[in-house]
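Below you'll find the structure, written out as structure tokens, and then a few comments.
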Amino acid sequence: MIWELEKKQDEAKIKKLQEELHVSRLVSVLLLNRNIDSFDKAKGFFRPSLDDLHDPFLMQDMQQAVDRIQKAINDNENILVFGDYDVDGTTSVSLVSSFLNNHTKNNVLTYIPDRYKEGYGISTKSIDYAASKEINLIIALDCGIQAVNKVEYAKEKNIDFIICDHHRPSKEIPKAIAVLNPLREDCQYPYKELCGCGIGFKLIQALSDIMGETTGSIKEYLDLVALAIVADIVSLTGENRILCYYGLQQINQSPRPGLKAIIETLDKDNITINELGFYIGPRINAAGRMESGNIAVELLIEKDLGKASGLAEKLNQLNIERRVLDKETTQDALKQIKKFKNETSHTTVVCNPEWHKGVIGIAASKLIETYYRPTIVFTASDDLFVGSARSVTGFNIHDAIGKCKEYVEQYGGHKYAAGIKVKKSKYKQFKDKFEEVVGNTISKEAATKKAAIEGEIQLEEITPKFYRILKQFAPFGPGNKTPIFSANNLRDTGYAKVVGSDNTHLRFSLTQQNSSAIYNAIGFGLANKYPNILNKKLFNAAFTVDQNDWNGKQKLQLKVMDIKN
């Protein structure tokens with residue numbers, strides 16, 4: 001692992017901000033690393049305000065979208081709210097359909113495509129379903145930016161489309177009534193990092209505005225937006241930070257019954273980003289992965305806690321099944337990598353027609369933990385191999401797949417995650433070409449795990465007061481990552497041991513040369529570093545500062561990422 005200093009900050013700026021905010025030098029550095037260089041910016045960062053959300057009508061086509069929905073309301077048209085089967089899609093559908101049901105008397109239906117029968121995005125089947133229900137308007141969320149032909153097909157059936165998507169557009173934009181996507185070249189909306197549910201929120205913000213309501217009146221929907229932001233791993237800067245901040249408040253103070261039902265099974269007093277990412281998000285995702293995303297929507301729009309509890313238990317069981325399949329797929333893929341001796345490749349591309357389509361994306365992420373390189377995991381679907389691609393920091397896997405498009409039937413996604421379809425007969429050619437493209441374009445830095453160090457710290461600086469300030473930097477995520485610190489001349493106090501069911505973790509306590517401070521530490525996956533700290537050898541460590549809650553007692557601990565002598 002390469003240790004890199006996040007940024008080299010100017011000493012004069014550090015001192016100026018220190019004096020202006022009355023904070024320590026290290027806190028000043030942390031703020032400057034996040035481009036916060038004044039009292040006003042710091043106030044906005046530590047005290048996010050809904051008043052700082054951008055005007056939704058700055059988004060290209062927002063007025064057209066609002067006008068068409070108003071027409072539908074006035075003419076009592078049937079409306080279909082359509083979305084992807086993942087967390088971002090199901091929360092988007094739940095958000096917009098709930099808002100419309102709470103503000104109109106229209107017949108509002110929801111539709112989540114079947115991952116296995118229809119695949120990702122708008123399908124002919126879904127449009128035929130809409131026609132059979134006499135739907136005049138479809139609002140598509142978290143998908144649709146590539147659905148040029150499907151929108152034309154819908155027009156033939158007198159069905160209008162409003163598309164709310166955050167995926168990168170192609171040159172041709174679907175000829176829908178409105179296409180809300182900040183990534184459109186002609187869109188002047190100031191913030192480009194919204195997830196699908198975030199764009200859905202901007203739509204209801206615009207609708208509430210013309211209905212004479214304030215943004216505060218739609219705070220209740222922000223629990224869904226926060227969940228989507230975390231699950232879709234979008235940037236936690238700017239507007240997303242505000243939305244997530246208030247969404248977490250909503251979840252902890254007054255969660256909707258569906259989320260409350262899940263939270264009650266977690267035995268957690270306070271829901272943070274971690275709980276959303278590791279416990280709640282996977283349960284919502286399990287619906288679309290294992291059975292149907294409609295179950296997730298049912299849960300998230302349910303108003304009766306008793307019924308919600310039953311749905312939450314169903315999702316919990318599906319998630320348990322998903323975890324078993326995920327583990328089996330990952331282990332099988334690791335064996336395949338070793339069997340075909342591609343451990344030294346620039347890429348990981350593996351395929352098994354028997355793998356469950358719902359877990360290949362998770363398996364791809366897990367493989368990167370072992371082999372840190374761009375990864376695609378394929379399984380079979382009819383006459384095609386379908387794959388989930390995941391990348392490493394600093395490498396655009398979406399663009400890399402694009403350079404292999406002569407062997408690709410369909411692909412789409414983001415810089416770090418994409419979906420792909422390849423004809424079985426062209427799989428080997430694609431695999432070779434992808435290896436060649438990545439080998440020629442990936443930098444040495446991108447191919448190596450990195451710890452972006454925000455600053456060196458002395459153990460004596462890690463006080464309860466410092467941790468209280470650190471917590472105010474949350475919510476953490478892309479663009480505002482949990483600060484990683486380094487400390488030198490450390491020594492184990494003599495109680496280090498390898499722990500975990502598979503003996504892969506390292507638990508120890510450490511102190512610093514010429515210091516009386518002692519901290520407990522845990523290094524997940526660092527059992528191989530045990531010899532580095534034996535016999536009170538001096539070492540350096542990269543770590544985050546965390547709080548361990550045990551038997552009602554709270555104690556600061558260090559989560560160690562790497563150890564070097």
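Going by the structure tokens order, chains are called A, B, ..., each with residues numbered from 1, while ligands are numbered from 1 in the order shown.
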
>> Excluding region 84-91 of chain A and its own-chain neighbours fewer than 6 positions away, which residues fall within 9 Å of it when counting only C-alpha atoms? Please give them as a PyMOL selection string.
In response: chain A and resi 111-115+120-122+140-143+195-198+224-225+227-229+231-232+281-282+284-289+292-294+296-297+300

Spatial neighbours of Val29 (chain A), max dist 10 Å, only C-alpha atoms, sep filter under 4 positions, as a compact mmCIF listing (two decimals) with C-alpha atoms, in the first residue's frame:
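Resulting contents of part-v8.txt:
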```txt
# COMPACT_ATOMS: atom_id res chain seq x y z
CA LYS A 7 -2.55 17.60 -0.11
CA LYS A 8 0.32 19.85 0.88
CA GLN A 9 -1.35 22.87 2.46
CA ASP A 10 0.14 26.33 2.69
CA GLU A 11 1.27 27.11 6.25
CA LYS A 13 -3.54 29.37 5.15
CA ILE A 14 -3.41 26.76 7.91
CA LYS A 15 -2.57 29.39 10.53
CA LEU A 17 -8.00 29.32 9.42
CA GLN A 18 -6.78 28.14 12.82
CA SER A 24 -6.12 22.98 16.23
CA ARG A 25 -3.64 22.91 13.38
CA ASN A 33 -8.20 19.44 2.42
CA ARG A 34 -11.95 19.77 1.78
CA ASN A 35 -11.54 23.22 0.20
CA ILE A 36 -13.01 24.93 3.27
CA ASP A 37 -10.89 28.03 3.77
CA GLU A 454 -4.60 13.71 5.72
CA GLY A 455 -1.92 14.46 8.28
```

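Reported to one decimal place, the separation of CA of Ala380 (chain A) from CA of Ile401 (chain A) is 18.5 Å.
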
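These are the residues of region 371-404 of chain A assigned alpha helix (DSSP H) by DSSP from backbone coordinates: Ile397, His398, Asp399, Ala400, Ile401 and Gly402 of chain A.
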
>> Quick check, in Å to one decimal: how far apart do CA of Glu369 (chain A) and CA of Phe508 (chain A) lie?
In response: 22.8 Å

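Nearest residue to His54 (chain A) among A:Ala333, A:Ile397, A:Leu243, A:Ala389 is A:Leu243, counting only C-alpha atoms.
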
> At what distance in Å, to one decimal, does CA of Lys415 (chain A) lie from CA of His398 (chain A)?
Replying inline: 5.3 Å

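Each of A:Ser515, A:Gly387, A:Gln458, A:Thr370 was checked against Cys351 (chain A) using only C-alpha atoms; the smallest atom-to-atom distance is that of A:Gly387.
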
>> With distances taken over only C-alpha atoms, which residue among A:Asn352, A:Asn270, A:Ser94, A:Gln63 lies nearest Val179 (chain A)?
In response: A:Gln63

> Excluding same-chain residues fewer than 2 positions from Ile533 (chain A), what lies within 12 Å of it counting only C-alpha atoms, as a PyMOL selection string?
Replying inline: chain A and resi 489-498+506-511+526-531+535-541+562-565

Please write the residues from the selection above to a file, keeping N, CA and C atoms, as a short mmCIF file (atom, residue, chain, number, x, y, z; two decimals), in the first residue's frame.
```cif
data_model
loop_
_atom_site.label_atom_id
_atom_site.label_comp_id
_atom_site.auth_asym_id
_atom_site.auth_seq_id
_atom_site.Cartn_x
_atom_site.Cartn_y
_atom_site.Cartn_z
N ASN A 489 6.90 5.95 15.01
CA ASN A 489 7.57 5.50 16.23
C ASN A 489 6.59 4.91 17.23
N LEU A 490 5.78 3.99 16.74
CA LEU A 490 4.80 3.32 17.59
C LEU A 490 5.37 1.98 18.07
N ARG A 491 4.77 1.47 19.14
CA ARG A 491 5.23 0.19 19.68
C ARG A 491 4.04 -0.54 20.30
N ASP A 492 3.92 -1.84 20.04
CA ASP A 492 2.88 -2.64 20.67
C ASP A 492 3.21 -2.79 22.15
N THR A 493 2.18 -2.78 22.99
CA THR A 493 2.41 -2.88 24.45
C THR A 493 2.65 -4.32 24.90
N GLY A 494 2.55 -5.28 23.97
CA GLY A 494 2.88 -6.66 24.33
C GLY A 494 1.71 -7.61 24.32
N TYR A 495 0.53 -7.12 23.91
CA TYR A 495 -0.65 -7.98 23.95
C TYR A 495 -1.23 -8.27 22.56
N ALA A 496 -0.44 -8.10 21.53
CA ALA A 496 -0.93 -8.31 20.16
C ALA A 496 -1.32 -9.76 19.93
N LYS A 497 -2.42 -9.97 19.18
CA LYS A 497 -2.81 -11.34 18.84
C LYS A 497 -3.59 -11.33 17.53
N VAL A 498 -3.51 -12.47 16.85
CA VAL A 498 -4.27 -12.67 15.62
C VAL A 498 -5.66 -13.15 16.02
N LEU A 506 -5.84 -8.50 13.14
CA LEU A 506 -4.81 -8.26 14.16
C LEU A 506 -5.35 -7.30 15.20
N ARG A 507 -5.36 -7.75 16.46
CA ARG A 507 -5.80 -6.89 17.55
C ARG A 507 -4.60 -6.61 18.46
N PHE A 508 -4.41 -5.34 18.79
CA PHE A 508 -3.27 -4.98 19.63
C PHE A 508 -3.53 -3.64 20.30
N SER A 509 -2.65 -3.24 21.20
CA SER A 509 -2.72 -1.90 21.77
C SER A 509 -1.35 -1.28 21.54
N LEU A 510 -1.35 0.02 21.32
CA LEU A 510 -0.07 0.64 20.97
C LEU A 510 0.17 1.94 21.74
N THR A 511 1.42 2.23 21.85
CA THR A 511 1.84 3.48 22.45
C THR A 511 2.89 4.10 21.53
N LEU A 526 -5.03 -7.68 8.59
CA LEU A 526 -3.61 -7.38 8.78
C LEU A 526 -2.87 -8.43 9.61
N ALA A 527 -3.39 -9.65 9.66
CA ALA A 527 -2.71 -10.70 10.43
C ALA A 527 -1.28 -10.93 9.93
N ASN A 528 -1.06 -10.70 8.63
CA ASN A 528 0.28 -10.89 8.06
C ASN A 528 1.29 -9.87 8.57
N LYS A 529 0.79 -8.81 9.24
CA LYS A 529 1.68 -7.78 9.79
C LYS A 529 2.09 -8.10 11.24
N TYR A 530 1.64 -9.21 11.75
CA TYR A 530 1.96 -9.58 13.14
C TYR A 530 3.47 -9.58 13.42
N PRO A 531 4.30 -10.15 12.52
CA PRO A 531 5.74 -10.13 12.78
C PRO A 531 6.33 -8.71 12.84
N ASN A 535 7.99 -8.27 19.60
CA ASN A 535 9.20 -7.90 20.36
C ASN A 535 9.40 -6.39 20.47
N LYS A 536 8.26 -5.70 20.52
CA LYS A 536 8.26 -4.24 20.73
C LYS A 536 9.07 -3.48 19.68
N LYS A 537 9.03 -4.02 18.43
CA LYS A 537 9.67 -3.29 17.33
C LYS A 537 8.96 -1.96 17.12
N LEU A 538 9.71 -0.94 16.72
CA LEU A 538 9.11 0.33 16.35
C LEU A 538 8.50 0.22 14.95
N PHE A 539 7.33 0.84 14.78
CA PHE A 539 6.69 0.82 13.47
C PHE A 539 5.86 2.09 13.28
N ASN A 540 5.48 2.33 12.03
CA ASN A 540 4.58 3.42 11.69
C ASN A 540 3.24 2.82 11.28
N ALA A 541 2.15 3.57 11.45
CA ALA A 541 0.83 3.05 11.11
C ALA A 541 -0.02 4.11 10.44
N ASP A 562 -2.69 -0.04 7.64
CA ASP A 562 -1.40 -0.55 7.19
C ASP A 562 -0.35 -0.28 8.25
N ILE A 563 0.68 -1.12 8.23
CA ILE A 563 1.80 -1.01 9.18
C ILE A 563 3.10 -1.11 8.38
N LYS A 564 4.04 -0.23 8.69
CA LYS A 564 5.34 -0.27 8.04
C LYS A 564 6.44 -0.07 9.07
N ASN A 565 7.55 -0.80 8.90
CA ASN A 565 8.70 -0.64 9.80
C ASN A 565 9.71 0.34 9.20
#
```

> Where does DSSP see strand (DSSP E or B) in region 233-416 of chain A, if you list the residues as a ChimeraX atom specification?
Replying inline: /A:348-351,375-381,384-390,410-413

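Minimum distance to Lys202 (chain A) across A:Phe161, A:Phe543, A:Phe57, A:Tyr245 (counting only C-alpha atoms) occurs at A:Phe57.
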
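Across A:Lys433, A:His103, A:Lys260, A:His166, the tightest approach to Leu183 (chain A) is made by A:His166 when counting only C-alpha atoms.
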
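When only C-alpha atoms are used to measure the gap to Leu203 (chain A), the shortest distance among A:Pro56, A:Gly277, A:Ile69, A:Asn252 belongs to A:Pro56.
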
>> Please list as a ChimeraX atom specification every residue within 12 Å of region 219-221 of chain A, counting only C-alpha atoms and excluding residues in the same chain fewer than 2 positions away.
In response: /A:49-50,91-99,102,197-198,200-202,204-205,208,213-217,223-228,242-257,259,300-301

How about saving the chosen residues, C-alpha atoms kept, as a PDB file, in the first residue's frame?
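The resulting file, result12.pdb, is reproduced below:
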```
ATOM      1  CA  SER A  49     -28.968  24.116   5.638  1.00  0.00           C
ATOM      2  CA  LEU A  50     -31.844  23.189   3.352  1.00  0.00           C
ATOM      3  CA  THR A  91     -36.040   4.452  -3.197  1.00  0.00           C
ATOM      4  CA  SER A  92     -36.645   6.783  -6.180  1.00  0.00           C
ATOM      5  CA  VAL A  93     -39.882   5.017  -7.072  1.00  0.00           C
ATOM      6  CA  SER A  94     -40.988   5.001  -3.433  1.00  0.00           C
ATOM      7  CA  LEU A  95     -40.215   8.718  -3.062  1.00  0.00           C
ATOM      8  CA  VAL A  96     -42.003  10.002  -6.186  1.00  0.00           C
ATOM      9  CA  SER A  97     -44.993   7.656  -5.928  1.00  0.00           C
ATOM     10  CA  SER A  98     -45.457   8.504  -2.222  1.00  0.00           C
ATOM     11  CA  PHE A  99     -45.334  12.224  -2.980  1.00  0.00           C
ATOM     12  CA  ASN A 102     -49.956  12.261  -0.817  1.00  0.00           C
ATOM     13  CA  CYS A 197     -33.234   9.423  -5.979  1.00  0.00           C
ATOM     14  CA  GLY A 198     -31.618  12.859  -5.576  1.00  0.00           C
ATOM     15  CA  GLY A 200     -36.355  12.468  -7.969  1.00  0.00           C
ATOM     16  CA  PHE A 201     -36.186  14.704  -4.899  1.00  0.00           C
ATOM     17  CA  LYS A 202     -35.413  17.744  -7.053  1.00  0.00           C
ATOM     18  CA  ILE A 204     -40.790  16.816  -5.992  1.00  0.00           C
ATOM     19  CA  GLN A 205     -39.025  19.937  -4.682  1.00  0.00           C
ATOM     20  CA  SER A 208     -43.956  21.346  -3.974  1.00  0.00           C
ATOM     21  CA  GLU A 213     -45.119  24.475  -0.109  1.00  0.00           C
ATOM     22  CA  THR A 214     -41.647  24.981   1.357  1.00  0.00           C
ATOM     23  CA  THR A 215     -38.683  22.620   1.064  1.00  0.00           C
ATOM     24  CA  GLY A 216     -39.137  21.910   4.769  1.00  0.00           C
ATOM     25  CA  SER A 217     -42.503  20.327   3.996  1.00  0.00           C
ATOM     26  CA  ASP A 223     -34.690   9.355   4.623  1.00  0.00           C
ATOM     27  CA  LEU A 224     -34.997   7.670   1.221  1.00  0.00           C
ATOM     28  CA  VAL A 225     -32.561  10.109  -0.400  1.00  0.00           C
ATOM     29  CA  ALA A 226     -29.905   9.505   2.284  1.00  0.00           C
ATOM     30  CA  LEU A 227     -30.220   5.742   1.847  1.00  0.00           C
ATOM     31  CA  ALA A 228     -29.819   6.063  -1.933  1.00  0.00           C
ATOM     32  CA  ILE A 242     -27.023  18.528   2.781  1.00  0.00           C
ATOM     33  CA  LEU A 243     -29.539  15.923   1.612  1.00  0.00           C
ATOM     34  CA  CYS A 244     -27.739  13.116   3.453  1.00  0.00           C
ATOM     35  CA  TYR A 245     -27.304  15.171   6.644  1.00  0.00           C
ATOM     36  CA  TYR A 246     -31.031  15.858   6.918  1.00  0.00           C
ATOM     37  CA  GLY A 247     -31.902  12.382   5.691  1.00  0.00           C
ATOM     38  CA  LEU A 248     -29.957  10.844   8.569  1.00  0.00           C
ATOM     39  CA  GLN A 249     -31.771  13.182  10.961  1.00  0.00           C
ATOM     40  CA  GLN A 250     -35.098  12.000   9.553  1.00  0.00           C
ATOM     41  CA  ILE A 251     -34.077   8.344   9.886  1.00  0.00           C
ATOM     42  CA  ASN A 252     -33.058   8.796  13.517  1.00  0.00           C
ATOM     43  CA  GLN A 253     -35.968  11.018  14.564  1.00  0.00           C
ATOM     44  CA  SER A 254     -38.961   9.883  12.509  1.00  0.00           C
ATOM     45  CA  PRO A 255     -38.207   7.072  10.034  1.00  0.00           C
ATOM     46  CA  ARG A 256     -40.943   5.782   7.734  1.00  0.00           C
ATOM     47  CA  PRO A 257     -42.436   2.458   8.969  1.00  0.00           C
ATOM     48  CA  LEU A 259     -37.119   1.704   7.608  1.00  0.00           C
ATOM     49  CA  LEU A 300     -40.749   1.670   1.716  1.00  0.00           C
ATOM     50  CA  ILE A 301     -44.257   2.967   0.952  1.00  0.00           C
TER      51      ILE A 301
END
```

> Any idea what's packed within 12 Å of Val324 (chain A), counting only C-alpha atoms, ignoring anything in its chain fewer than 2 positions away? Could you give it as number ranges by chain?
Replying inline: A: 286, 290, 317-322, 326-331, 356, 358-359, 362-363

Atoms kept (C-alpha atoms) for selection, written as a short mmCIF file (atom, residue, chain, number, x, y, z; two decimals), in the first residue's frame:
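result_31.cif written:
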```cif
data_model
loop_
_atom_site.label_atom_id
_atom_site.label_comp_id
_atom_site.auth_asym_id
_atom_site.auth_seq_id
_atom_site.Cartn_x
_atom_site.Cartn_y
_atom_site.Cartn_z
CA ALA A 286 -31.57 -8.15 -1.72
CA MET A 290 -32.90 -12.47 -5.16
CA GLN A 317 -34.21 -13.75 4.78
CA LEU A 318 -33.47 -12.81 1.16
CA ASN A 319 -30.34 -10.99 2.34
CA ILE A 320 -29.17 -14.09 4.23
CA GLU A 321 -29.60 -16.13 1.02
CA ARG A 322 -27.75 -13.43 -0.91
CA ASP A 326 -22.10 -14.08 -2.61
CA LYS A 327 -19.56 -16.02 -0.53
CA GLU A 328 -19.80 -19.11 -2.74
CA THR A 329 -19.41 -17.06 -5.94
CA THR A 330 -16.40 -15.15 -4.63
CA GLN A 331 -14.64 -18.32 -3.46
CA HIS A 356 -26.39 -16.05 -9.74
CA GLY A 358 -27.89 -11.00 -8.46
CA VAL A 359 -24.53 -11.33 -6.72
CA ILE A 362 -20.84 -7.91 -5.06
CA ALA A 363 -18.40 -10.67 -6.04
#
```
